[in-house]
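Asks: First, the structure itself, so that you have it in front of you.
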Amino acid sequence: MIEIRFHGRGGQGAVTTGELLAKAAISEGKWAQAFPAFGPERRGAPVLAFCRVSEGKIQHRFQVKEPNIVVVLDPSLLDVLDPSKGLKPDGLMIVNSPLSPQEIKKQHKYSCKVATLDASKIAHEVLRLNITNTTMLGALIKASKLINLSSLDEPFKERFGKVAENNLKACHRAFDQMKLED
Amino acid sequence: MTKPADQWKWQELEPGFVIIEPGSASDYKTGDWKSMHPVWNEAVCIKCGLCYTYCPDMAVFQKKTGYFAGDYDYCKGCGICAHECPTGAITMVEGKE
Amino acid sequence: MTQAARKKIGIEVSLAVSDAVKQCDADVISAYPITPQTHIVEHLAELVANGELDAEFIPVESEHSAMSVCAGSSAAGARTFTATASQGLALMAEIVYCVSAMRLPVVMVVANRSLNSPLSIWNDHGDVMMVRDSGWVQIFVENGQEAYDHIFWSFRVGEDPRVLHPVMLNMDGFIVTHTIEPIEYWSDEMVKKFLPPFRPKYRLHPDNPVTMGAFGPPEIFTECKMAQEQALLAARPIIDKAWDELYQICGRRYLPVEKYRADDAKTLFLTMGSIGETAKVAVDEMREKGQEIGLVSLRLWRPFPFEEIKDAVKNAETLIVIDRALVFGGVGGPVASEVKAALFSEKKRPKVVNFIAGLASRDVQPDDFRQMVEKARAKVAAGKEDEYEIYGVRG
């Protein structure tokens, strides 16, 4: 089972990211579970969302405490909380940032594996919005190989309707540009 | 600063969980995530106070000089003040402050 | 939305629940939105508005009115559905008791949530325990598939002419309702085979006038309550039969009391609701380490399955009952109190240790189950098994 934790701010689509991933995984015949840390919604407040993907049934009814992967949608969160908390020893943190993994690790003293992608730049170019969730989803899939990229087509169409095409474009661009460093 | 919820022991709670520190919500600087902030051009501002009236967050205040300014602790960069200003004295600028 | 049967789709449980209500062709839905039930009623409103469900959706100004409308609708012979939680359930409580006494088979989903105060939008069983004695058939589900399946089951049981009782379908708010997980939909043929149309014995109609909800003076009230209680108890065989029929239709076996690795267990957990799924993870982990641990999950809350509980726990030494609600000034947890009553006259019975956990959906993880086993051991050794504990309280 792979456990993922998403860090975002209310209004950035952190919850939706987990949902899209789960739906895509389920369409491939896997078992998946997606849910947020529930709370009264407020734009801007730090938000946690979780996703578990497994071949067999998942019966975990509690938050992900030891994720394999952590995804940070908003780099300003790094100053407010430590997203690497609980990350498994061989886990990976993916951060939306123009900085390199080395710079991020140095700045915040993380000892875990870090990967970065300037998702905001891609989102601005393709979506003309600073909403990076679908972009970061591409980065996540490149890094984790959890699902086939094409499995996102249906969930995106269902969720985004007219703007599904652009969101898929942003997602695919991130998938192509995402580099995994040692 | 109010103690965060997850640090209270049950014996420390007031009867009826009454919160005795008034206005404690103001401890939370909710403007820390904005991507743009308003800037006033005092050469153009006519001190009409519409920005203050329209701000949904009470994040605009009047300085002693009579001109208006933003309280960036709580301003979330919604841009309503800039939109409503009759003289165009307010510009939304990238960044938190 | 038509789905091929047997293929699982990833969907938010609330939406699947609404789709099931649509597949049951409910006639009247009257509800008031309250977190965490909102997605259920919003989706139903959409389905009615776009014509996918041919029903009356009656928005009302409060839950009190919602249940009143449901009572009237059911009394007129319409298949009736509603959903609520927490304060909403509290607000409609007086009508909830009437609906069961009047034998109106309304189906209600309760998206379990704490009762105020302080204000909590999060899950625990405080709300449904408030109407424990209301006379409704009450069940608990643990996950999305169960939530979906039991919509069909609830109408099937409640509307059966030998039952004619309202059914309360409890699912943990947020933890079940708002999670996206795989759910296998029923085909229209499966629904048709399982759920007959609603044919009420009496309904309000000018051609055959009857009086419902009359005045009950001392001379007759006792007889009314005896008849109501006997009818609820008599529902039991049909409840079991409906689960058998459900198994024939879709291959999933549900029981009033379910056991997991319990037969040779010295220590048993007893849970109700979604916490039981995490309990299974904990049991598996502890079994790996050689501990003789098992789980009993209570699915049927009312009418309480006394015989099945006695049978499930008879060989255990310690029974750890984990309640998700607190009985103030009383015995601790409502489930533990019920279980102890069931075991009172048994010559051989386990020591019952009661924990209250997961209030306002505070996380309960496999490690917490391990700690409860240690604590239970210590309590039993000290002869203090009767002292219930609010697990994890700070201070």
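Ligands are numbered from 1 in the order shown, chains are lettered A, B, ... in the order of the structure tokens, and residues start at 1 in each chain.
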Give as a ChimeraX atom specification every residue of chain A that touches chain C within 8 Å, counting only C-alpha atoms.
Replies: /A:19,22-24,26-27,29,31-35,38-39,59-63
Asks: Kindly provide, as a ChimeraX atom specification, the residues of chain B having any atom no farther than 9 Å from an atom of chain C, counting only C-alpha atoms.
Replies: /B:6-12,16-17
Asks: Could you pull the residues within 10 Å of Gln62 in chain B, counting only C-alpha atoms, minus those fewer than 4 positions along the same chain, as a list in words?
Replies: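 Skipping anything fewer than 4 positions along the chain leaves Lys47, Gly49, Tyr52, Gly66, Tyr67, Phe68, Ala69 and Gly70 of chain B.
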Asks: Looking only at alpha helix (DSSP H) from DSSP on the backbone, list the matching residues of range 289-322 of chain C as a PyMOL selection string.
Replies: chain C and resi 306-313
Asks: As a ChimeraX atom specification, please: every residue in range 1-88 of chain B that DSSP puts in strand (DSSP E or B).
Replies: /B:36-40,60-62,68-70
Asks: Would you mind listing, as a list of chain:residue names, all residues of chain B that have at least one atom within 12 Å of chain A, where only C-alpha atoms are what counts?
Replies: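 Taking only C-alpha atoms into account, B:Tyr28, B:Lys29, B:Thr30, B:Gly31, B:Asp32, B:Trp33, B:Lys34, B:Ser35, B:Met36, B:Tyr74, B:Cys75, B:Lys76, B:Gly77, B:Cys78, B:Gly95, B:Lys96 sit within 12 Å of chain A.
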Asks: Quick one: residues within 9 Å of range 84-91 of chain B, only C-alpha atoms, excluding same-chain residues fewer than 6 positions away - as a PDB file with C-alpha atoms, in the first residue's frame?
Replies:
```
ATOM      1  CA  HIS B  37      -1.727  43.238  -1.641  1.00  0.00           C
ATOM      2  CA  PRO B  38      -3.239  46.755  -2.044  1.00  0.00           C
ATOM      3  CA  VAL B  39      -1.033  49.832  -2.124  1.00  0.00           C
ATOM      4  CA  TRP B  40      -2.449  53.358  -1.663  1.00  0.00           C
ATOM      5  CA  ASN B  41      -1.215  56.300  -3.760  1.00  0.00           C
ATOM      6  CA  GLU B  42      -1.776  59.229  -1.371  1.00  0.00           C
ATOM      7  CA  ALA B  43      -1.337  61.774  -4.149  1.00  0.00           C
ATOM      8  CA  VAL B  44      -4.593  60.522  -5.645  1.00  0.00           C
ATOM      9  CA  CYS B  45      -6.508  59.426  -2.522  1.00  0.00           C
ATOM     10  CA  ILE B  46      -9.349  61.785  -1.549  1.00  0.00           C
ATOM     11  CA  CYS B  48     -13.465  59.213   1.014  1.00  0.00           C
ATOM     12  CA  GLY B  49     -13.256  56.047   3.109  1.00  0.00           C
ATOM     13  CA  LEU B  50     -14.994  53.793   0.566  1.00  0.00           C
ATOM     14  CA  CYS B  51     -12.112  51.297   0.708  1.00  0.00           C
ATOM     15  CA  TYR B  54     -16.115  47.971   1.406  1.00  0.00           C
TER      16      TYR B  54
END
```
Asks: Could you list, as a list in words, every residue within 12 Å of Lys351 in chain C, counting only C-alpha atoms and ignoring same-chain residues fewer than 5 positions away?
Replies: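 My reading of the contact set: Lys266, Thr267, Leu268, Phe269, Val313, Lys314, Asn315, Ala316, Glu317, Thr318, Leu319, Ile320, Val321, Ala336, Val339, Lys340, Leu343, Phe344, Glu346, Ala376, Arg377, Lys379, Val380, Ala381, Gly383, Lys384, Glu385, Asp386 and Glu387 of chain C.
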Asks: Quick one: residues within 7 Å of range 82-94 of chain A, only C-alpha atoms counted, chain neighbours fewer than 2 positions away excluded, as number ranges by chain?
Replies: A: 65-72, 78, 96, 112-116
Asks: Keeping only C-alpha atoms, write the selected residues as a PDB file, in the first residue's frame.
Replies:
```pdb
ATOM      1  CA  LYS A  65       0.669   9.362   9.646  1.00  0.00           C
ATOM      2  CA  GLU A  66       3.638   7.776   7.849  1.00  0.00           C
ATOM      3  CA  PRO A  67       3.303   8.675   4.184  1.00  0.00           C
ATOM      4  CA  ASN A  68       5.475   7.244   1.452  1.00  0.00           C
ATOM      5  CA  ILE A  69       5.077  10.495  -0.465  1.00  0.00           C
ATOM      6  CA  VAL A  70       4.296  14.045   0.610  1.00  0.00           C
ATOM      7  CA  VAL A  71       3.130  16.614  -1.930  1.00  0.00           C
ATOM      8  CA  VAL A  72       3.389  20.330  -1.104  1.00  0.00           C
ATOM      9  CA  LEU A  78       7.305  25.241   4.300  1.00  0.00           C
ATOM     10  CA  ASN A  96       5.983  23.130  -5.885  1.00  0.00           C
ATOM     11  CA  CYS A 112      14.505  13.253   3.352  1.00  0.00           C
ATOM     12  CA  LYS A 113      14.535  12.888  -0.432  1.00  0.00           C
ATOM     13  CA  VAL A 114      13.146  16.031  -2.051  1.00  0.00           C
ATOM     14  CA  ALA A 115      12.032  16.688  -5.601  1.00  0.00           C
ATOM     15  CA  THR A 116      10.881  20.068  -6.890  1.00  0.00           C
TER      16      THR A 116
END
```
Asks: Quick one, how far is CA of Arg6 in chain C from CA of Pro155 in chain A?
Replies: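 So the answer is 19.6 Å.
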Asks: Interatomic distance between CA of Glu42 in chain C and CA of Ser14 in chain C?
Replies: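 It comes out at 9.6 Å.
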Asks: Quick one: distance from CA of Lys348 in chain C to CA of Leu295 in chain C in Å, one decimal?
Replies: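 CA of Lys348 in chain C sits 18.9 Å away from CA of Leu295 in chain C.
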Asks: For Lys142 in chain A, list every protein, DNA or RNA residue within 7 Å, evaluated using only C-alpha atoms, and leave out those in the same chain fewer than 4 positions away; present the list as a ChimeraX atom specification.
Replies: /A:138,175,178
